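> Can you read through this structure? Questions will come right after.
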Amino acid sequence: MILKYYLALLLGSQLDMGTLYLAFTLFVFVQKLLYKDGSFAKIQWQYLGILLLGIALVLFYMLGNDSAYADMPSITLNIRKYFIEILFSIALYEFLKHKDLDYIIEIVFISIVINILKGTYQIATTFPERINMMFSEPSSAGYYYLFVFFILFEKFKKSELYFYSSRYFMVIGLAIGSKAQIILLAVVAALRYAAPLQFVIFFSVLGGFTYLFWDNLMTIDAIEYNIRVLSIYWDEGLSGLKTDNGVWGTYVTRISAIQGALMCLVDYPFGIGFGGFHSWFLENMSGMGFESSETDRILSGAAYATPKSNLLNFFVTTGIIGIFLYASWLKEFYVAGKKYMYLFQSFILLTFASMFIELNPMFMYIMFLFIIKEKEMESDRGGL
């Protein structure tokens, strides 16, 4: 029971949890050694391959690049981050493969209850500010919300407590007000709610919370602003993205990071490894002409450059191999979705969210989906 709450906390919050991840990982691997509990599953070997590949590629990159070698402290921190997250994900699969689907769903349930309590308190005390629940900022909370959305919709029907708790979480979670969350929820509505009445009800609730909590980002002025920024970028490229040209610093940072990631993939199609993007960005993007306080700090070495996207960061790290591996995961969930549509929908939604957000542990969330998929397939085989 304690481990169930332990894992729910790790799934449903964003704290400084490196020690908690490592403690659980050590516990699971010691158990595996003591009981000689068989070999790894395919997804575990794939995760281990990602870890080794990411480390090997950045070491290779450093050998031929002095600026990367000088960036050794930040590269080491990046390796440490993914070393912990990936090994924890492997251990998570190892531990949960012995549990049934109900046990796993209970972990998800406890994780949303924690966020329901924190989110309700934040709405009561900070209305109409955006909430972040158990996460460091709203976008991270929105990423978690999107990850659990279809799981809650499909699997939380066995009791009134599960049903009403999950629906309440879906409603108050709109107060997170993350831009990516709102956009992707609109896509969800288009894909999921074919009946006109359901579609109207969903959009009415979504629109109401968007109006209350989204800081006027749905106003005509905001839409016009976004169109103007895209027009500047289309006409002038990165050199037009400057704060004195009326472009927000966050836009300058994100657009330059995305273009940088794509350029880095062209330069290193087989990947640059964990943490290599920062030194590549400083070396290759400093003369592009974009300016803002945020990007000035990055280019001066005072802040850390990332692709601003979990998915792009994965592709930049592992290159073509990672892209093909992710495509194979997509195929697996597509096949599973023929019977368990919510698994494919969850993977697609998580993929889109990973394009826009970078702070959450993407590998852990994907591993959770693989575990649920495996348990659903076990039920088809009669629990064998």
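All residue names refer to the structure tokens as shown: chains lettered A, B, ... in order, residues numbered from 1 in each chain, ligands numbered from 1 in order.
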Near segment 283-287 of chain A, counting only C-alpha atoms, which residues have an atom at most 10 Å away, once you skip same-chain residues fewer than 5 positions from it, shown as a VMD selection string?
chain A and resid 67 to 68 238 to 239 256 to 257 259 to 260 263 to 264 277 to 278 295 to 296 298 to 300
> List the neighbours of segment 318-329 of chain A out to 7 Å using only C-alpha atoms; skip same-chain residues closer than 6 positions along the sequence, and give me the result as a list in words.
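The filter keeps Leu53, Gly54, Leu265, Pro269, Phe270, Gly271, Ile272 and Gly273 of chain A.
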> Sorted by chain and rising residue number, list the residues of segment 115-146 of chain A at most 12 Å from segment 179-183 of chain A (counting only C-alpha atoms), each with its closest atom pair and distance in Å to one decimal, as JSON lines.

```
{"residue": "A:Arg130", "atom": "CA", "partner": "A:Lys179", "partner_atom": "CA", "distance": 11.4}
{"residue": "A:Pro138", "atom": "CA", "partner": "A:Lys179", "partner_atom": "CA", "distance": 9.5}
{"residue": "A:Ser139", "atom": "CA", "partner": "A:Ala180", "partner_atom": "CA", "distance": 7.7}
{"residue": "A:Ser140", "atom": "CA", "partner": "A:Gln181", "partner_atom": "CA", "distance": 9.8}
{"residue": "A:Ala141", "atom": "CA", "partner": "A:Gln181", "partner_atom": "CA", "distance": 9.2}
{"residue": "A:Gly142", "atom": "CA", "partner": "A:Gln181", "partner_atom": "CA", "distance": 5.5}
{"residue": "A:Tyr143", "atom": "CA", "partner": "A:Gln181", "partner_atom": "CA", "distance": 7.0}
{"residue": "A:Tyr144", "atom": "CA", "partner": "A:Gln181", "partner_atom": "CA", "distance": 9.7}
{"residue": "A:Tyr145", "atom": "CA", "partner": "A:Gln181", "partner_atom": "CA", "distance": 8.0}
{"residue": "A:Leu146", "atom": "CA", "partner": "A:Gln181", "partner_atom": "CA", "distance": 6.8}
```
